[in-house]
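Everything below belongs to model-v6.cif, which stores mmCIF, C-alpha atoms.
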```
data_input
#
loop_
_atom_site.group_PDB
_atom_site.id
_atom_site.type_symbol
_atom_site.label_atom_id
_atom_site.label_comp_id
_atom_site.auth_asym_id
_atom_site.auth_seq_id
_atom_site.Cartn_x
_atom_site.Cartn_y
_atom_site.Cartn_z
ATOM 1 C CA MET A 1 32.918 0.810 37.672
ATOM 2 C CA THR A 2 34.546 4.169 37.228
ATOM 3 C CA ALA A 3 36.464 5.632 34.316
ATOM 4 C CA ASN A 4 39.628 4.347 35.995
ATOM 5 C CA SER A 5 38.421 0.804 35.418
ATOM 6 C CA GLN A 6 39.135 1.367 31.733
ATOM 7 C CA GLN A 7 42.837 1.128 32.671
ATOM 8 C CA ILE A 8 42.468 -2.483 33.825
ATOM 9 C CA ALA A 9 45.538 -4.587 33.084
ATOM 10 C CA LEU A 10 45.047 -7.637 30.894
ATOM 11 C CA LEU A 11 46.508 -9.854 33.610
ATOM 12 C CA ASP A 12 43.995 -8.478 36.126
ATOM 13 C CA ALA A 13 41.133 -9.275 33.749
ATOM 14 C CA LEU A 14 42.627 -12.675 32.847
ATOM 15 C CA PRO A 15 43.628 -14.644 35.963
ATOM 16 C CA GLU A 16 45.315 -18.005 35.502
ATOM 17 C CA THR A 17 42.035 -19.765 36.368
ATOM 18 C CA ALA A 18 40.549 -18.194 33.226
ATOM 19 C CA VAL A 19 43.209 -19.584 30.866
ATOM 20 C CA ALA A 20 43.215 -23.039 29.298
ATOM 21 C CA VAL A 21 45.229 -24.528 26.433
ATOM 22 C CA GLY A 22 44.576 -27.735 24.537
ATOM 23 C CA VAL A 23 40.807 -27.354 24.986
ATOM 24 C CA ARG A 24 38.812 -29.990 23.128
ATOM 25 C CA ALA A 25 35.666 -28.752 21.398
ATOM 26 C CA ALA A 26 33.605 -30.560 18.760
ATOM 27 C CA ASP A 27 31.901 -27.385 17.497
ATOM 28 C CA TRP A 28 31.533 -23.653 18.082
ATOM 29 C CA ARG A 29 29.009 -24.123 20.900
ATOM 30 C CA GLU A 30 31.457 -26.291 22.841
ATOM 31 C CA ALA A 31 34.240 -23.776 22.140
ATOM 32 C CA ILE A 32 32.144 -20.912 23.535
ATOM 33 C CA THR A 33 31.104 -23.103 26.463
ATOM 34 C CA ALA A 34 34.778 -23.703 27.263
ATOM 35 C CA ALA A 35 35.440 -19.941 27.278
ATOM 36 C CA GLY A 36 32.321 -19.429 29.410
ATOM 37 C CA ASP A 37 33.320 -22.136 31.882
ATOM 38 C CA LEU A 38 36.630 -20.321 32.358
ATOM 39 C CA LEU A 39 34.803 -17.047 33.063
ATOM 40 C CA VAL A 40 32.734 -18.884 35.668
ATOM 41 C CA ALA A 41 35.839 -20.527 37.195
ATOM 42 C CA SER A 42 37.497 -17.138 37.598
ATOM 43 C CA GLY A 43 34.421 -15.661 39.308
ATOM 44 C CA ALA A 44 33.627 -13.209 36.514
ATOM 45 C CA THR A 45 30.239 -14.675 35.526
ATOM 46 C CA THR A 46 27.577 -17.206 36.313
ATOM 47 C CA ASP A 47 26.723 -20.119 34.018
ATOM 48 C CA ALA A 48 23.829 -18.083 32.619
ATOM 49 C CA TYR A 49 26.311 -15.808 30.845
ATOM 50 C CA THR A 50 27.675 -18.738 28.842
ATOM 51 C CA ALA A 51 24.165 -19.428 27.547
ATOM 52 C CA GLU A 52 23.818 -15.721 26.705
ATOM 53 C CA MET A 53 27.052 -15.825 24.645
ATOM 54 C CA ILE A 54 25.807 -18.851 22.685
ATOM 55 C CA ASP A 55 22.405 -17.217 22.178
ATOM 56 C CA THR A 56 24.110 -14.100 20.804
ATOM 57 C CA VAL A 57 25.824 -16.123 18.058
ATOM 58 C CA GLU A 58 22.623 -18.072 17.328
ATOM 59 C CA ARG A 59 20.750 -14.775 16.850
ATOM 60 C CA LEU A 60 23.405 -12.617 15.170
ATOM 61 C CA GLY A 61 25.703 -15.104 13.455
ATOM 62 C CA PRO A 62 29.469 -15.563 13.705
ATOM 63 C CA TYR A 63 30.372 -11.858 13.798
ATOM 64 C CA ILE A 64 32.449 -12.663 16.910
ATOM 65 C CA VAL A 65 35.102 -14.256 14.670
ATOM 66 C CA LEU A 66 37.142 -11.070 14.377
ATOM 67 C CA ALA A 67 40.284 -12.315 12.651
ATOM 68 C CA PRO A 68 41.546 -15.554 11.137
ATOM 69 C CA GLY A 69 41.406 -18.173 13.875
ATOM 70 C CA LEU A 70 40.190 -15.791 16.598
ATOM 71 C CA ALA A 71 36.743 -15.441 18.182
ATOM 72 C CA LEU A 72 35.783 -12.939 20.882
ATOM 73 C CA ALA A 73 32.834 -14.595 22.628
ATOM 74 C CA HIS A 74 30.661 -12.122 24.524
ATOM 75 C CA SER A 75 27.158 -10.913 25.195
ATOM 76 C CA ARG A 76 25.600 -7.762 26.533
ATOM 77 C CA PRO A 77 26.209 -6.685 30.130
ATOM 78 C CA SER A 78 23.721 -8.512 32.333
ATOM 79 C CA PRO A 79 23.153 -9.620 35.926
ATOM 80 C CA SER A 80 25.060 -12.805 34.957
ATOM 81 C CA VAL A 81 28.277 -10.753 34.872
ATOM 82 C CA LEU A 82 29.734 -10.483 38.375
ATOM 83 C CA ARG A 83 32.835 -8.510 37.362
ATOM 84 C CA THR A 84 34.582 -7.507 34.158
ATOM 85 C CA GLY A 85 36.837 -10.303 32.990
ATOM 86 C CA LEU A 86 38.400 -12.237 30.143
ATOM 87 C CA SER A 87 38.959 -15.913 29.467
ATOM 88 C CA TRP A 88 41.365 -17.636 27.070
ATOM 89 C CA ALA A 89 40.413 -20.991 25.531
ATOM 90 C CA ALA A 90 43.100 -22.182 23.118
ATOM 91 C CA LEU A 91 41.584 -25.094 21.224
ATOM 92 C CA ALA A 92 43.410 -28.383 20.635
ATOM 93 C CA ALA A 93 41.961 -28.446 17.115
ATOM 94 C CA PRO A 94 40.336 -25.549 15.259
ATOM 95 C CA VAL A 95 36.556 -25.537 14.827
ATOM 96 C CA PRO A 96 34.375 -23.743 12.269
ATOM 97 C CA PHE A 97 32.048 -21.007 13.487
ATOM 98 C CA GLY A 98 30.473 -20.395 10.082
ATOM 99 C CA HIS A 99 32.486 -17.269 9.288
ATOM 100 C CA GLU A 100 33.255 -17.051 5.585
ATOM 101 C CA ALA A 101 36.686 -15.426 5.860
ATOM 102 C CA ASN A 102 38.071 -16.187 9.335
ATOM 103 C CA ASP A 103 37.217 -19.835 9.999
ATOM 104 C CA PRO A 104 38.278 -22.111 11.531
ATOM 105 C CA VAL A 105 38.778 -20.741 15.037
ATOM 106 C CA ARG A 106 41.755 -21.802 17.122
ATOM 107 C CA LEU A 107 41.438 -19.314 19.994
ATOM 108 C CA VAL A 108 38.263 -18.241 21.799
ATOM 109 C CA ILE A 109 38.597 -15.283 24.117
ATOM 110 C CA GLY A 110 35.634 -14.784 26.407
ATOM 111 C CA LEU A 111 34.685 -11.235 27.405
ATOM 112 C CA ALA A 112 32.354 -10.351 30.247
ATOM 113 C CA ALA A 113 31.669 -6.704 31.053
ATOM 114 C CA VAL A 114 29.615 -5.178 33.835
ATOM 115 C CA ASP A 115 28.754 -2.208 31.622
ATOM 116 C CA HIS A 116 29.465 -0.897 28.133
ATOM 117 C CA ASP A 117 32.600 1.026 29.171
ATOM 118 C CA ALA A 118 34.363 -1.009 31.869
ATOM 119 C CA HIS A 119 36.174 -3.287 29.442
ATOM 120 C CA SER A 120 37.290 -0.821 26.774
ATOM 121 C CA GLY A 121 40.850 -0.316 28.045
ATOM 122 C CA ALA A 122 41.578 -4.025 28.397
ATOM 123 C CA LEU A 123 39.966 -4.738 25.040
ATOM 124 C CA ALA A 124 42.100 -2.094 23.311
ATOM 125 C CA LYS A 125 45.268 -3.560 24.865
ATOM 126 C CA LEU A 126 44.188 -7.041 23.837
ATOM 127 C CA ALA A 127 43.584 -5.927 20.252
ATOM 128 C CA ARG A 128 47.007 -4.273 20.035
ATOM 129 C CA MET A 129 48.703 -7.350 21.478
ATOM 130 C CA LEU A 130 46.944 -9.766 19.113
ATOM 131 C CA ALA A 131 47.641 -7.548 16.083
ATOM 132 C CA ASP A 132 51.342 -8.431 16.418
ATOM 133 C CA ALA A 133 51.589 -11.581 14.259
ATOM 134 C CA GLY A 134 54.676 -12.911 16.036
ATOM 135 C CA ARG A 135 53.194 -12.441 19.501
ATOM 136 C CA MET A 136 49.890 -13.961 18.355
ATOM 137 C CA ARG A 137 51.751 -17.020 17.054
ATOM 138 C CA ALA A 138 53.640 -17.368 20.351
ATOM 139 C CA LEU A 139 50.394 -17.063 22.316
ATOM 140 C CA GLN A 140 48.674 -19.650 20.122
ATOM 141 C CA ASP A 141 51.610 -22.029 20.539
ATOM 142 C CA ALA A 142 51.754 -21.634 24.336
ATOM 143 C CA THR A 143 51.435 -24.971 26.107
ATOM 144 C CA SER A 144 50.258 -23.767 29.536
ATOM 145 C CA ALA A 145 48.210 -21.072 31.218
ATOM 146 C CA ALA A 146 51.375 -19.828 32.929
ATOM 147 C CA GLU A 147 53.095 -19.414 29.551
ATOM 148 C CA VAL A 148 50.128 -17.448 28.147
ATOM 149 C CA ARG A 149 50.204 -15.161 31.171
ATOM 150 C CA ARG A 150 53.996 -14.761 30.945
ATOM 151 C CA LEU A 151 53.711 -13.661 27.304
ATOM 152 C CA ILE A 152 50.958 -11.196 28.214
ATOM 153 C CA SER A 153 53.009 -9.936 31.150
ATOM 154 C CA GLU A 154 55.971 -9.307 28.841
ATOM 155 C CA TYR A 155 53.668 -7.390 26.519
ATOM 156 C CA GLU A 156 52.316 -5.285 29.371
ATOM 157 C CA GLY A 157 55.840 -4.392 30.425
ATOM 158 C CA GLY A 158 56.260 -6.907 33.205
ATOM 159 C CA GLN A 159 53.226 -5.747 35.222
ATOM 160 C CA GLU A 160 51.886 -8.521 37.377
#
```
Starting from the file, give its structure as structure tokens.
Amino acid sequence: MTANSQQIALLDALPETAVAVGVRAADWREAITAAGDLLVASGATTDAYTAEMIDTVERLGPYIVLAPGLALAHSRPSPSVLRTGLSWAALAAPVPFGHEANDPVRLVIGLAAVDHDAHSGALAKLARMLADAGRMRALQDATSAAEVRRLISEYEGGQE
């Protein structure tokens, strides 16, 4: 991807097929698997990438839990990534990831990147959007994929 790919819109990286709410997960592995399955469903990755995301947490610990209730599941760019993309798995019930300060997790966002730079623009937008406590609450309370995407669209200025 080129430098222009850094300007990817969140909605382009997060198609409706990559968004699920009310996801049931018994533990952090199932939560990451749900986010990975959504990446696969949207055509961003193969199933192997889901295993890579789980392996990353097994090796490095729960550093992916970036804020209270929020995990950014990802792994290194690999042949398992078909295109840069995001997934959104809002859990029906929070699950612990083993993070001392930010557990339990209620939202798992999956990130797949074809290289180390392709996702930076979308990731920066995502971080700014989720830093707004009111918007984060609305996103967490969304009851459908369409509602999540509508809230993101409003944030991005109505771009679709």
Could you pull the residues within 9 Å of Tyr63 (chain A), counting all atoms listed in the file, minus those fewer than 6 positions along the same chain, as a list in words?
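The filter keeps Val57, Ala71, Leu72 and His99 of chain A.
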Just checking: using all atoms listed in the file, which residue out of A:Gly85, A:Val65, A:Ala112, A:Ala133 ends up closest to Glu100 (chain A)?
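Nearest candidate to Glu100 (chain A) out of A:Gly85, A:Val65, A:Ala112, A:Ala133: A:Val65.
What the PyMOL selection byres ((chain A and resi 143-151) around 7) matches in the given file is Leu11, Glu16, Val19, Ala20, Val21, Leu139, Asp141, Ala142, Ile152, Ser153, Glu154 and Tyr155 of chain A.
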Could you tell me which of A:Trp88, A:Asn102, A:Pro15, A:Ile32 comes closest to Ala73 (chain A) if we count only C-alpha atoms?
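Smallest distance to Ala73 (chain A) is found for A:Ile32.
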Closest to Pro62 (chain A) among A:Ala92, A:Ala113, A:Ala101, A:Ala122, using only C-alpha atoms?
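Closest residue, counting only C-alpha atoms: A:Ala101.
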Nearest residue to Gly43 (chain A) out of A:His116, A:Arg106, A:Arg128, A:Arg83, using only C-alpha atoms?
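Nearest candidate to Gly43 (chain A) out of A:His116, A:Arg106, A:Arg128, A:Arg83: A:Arg83.
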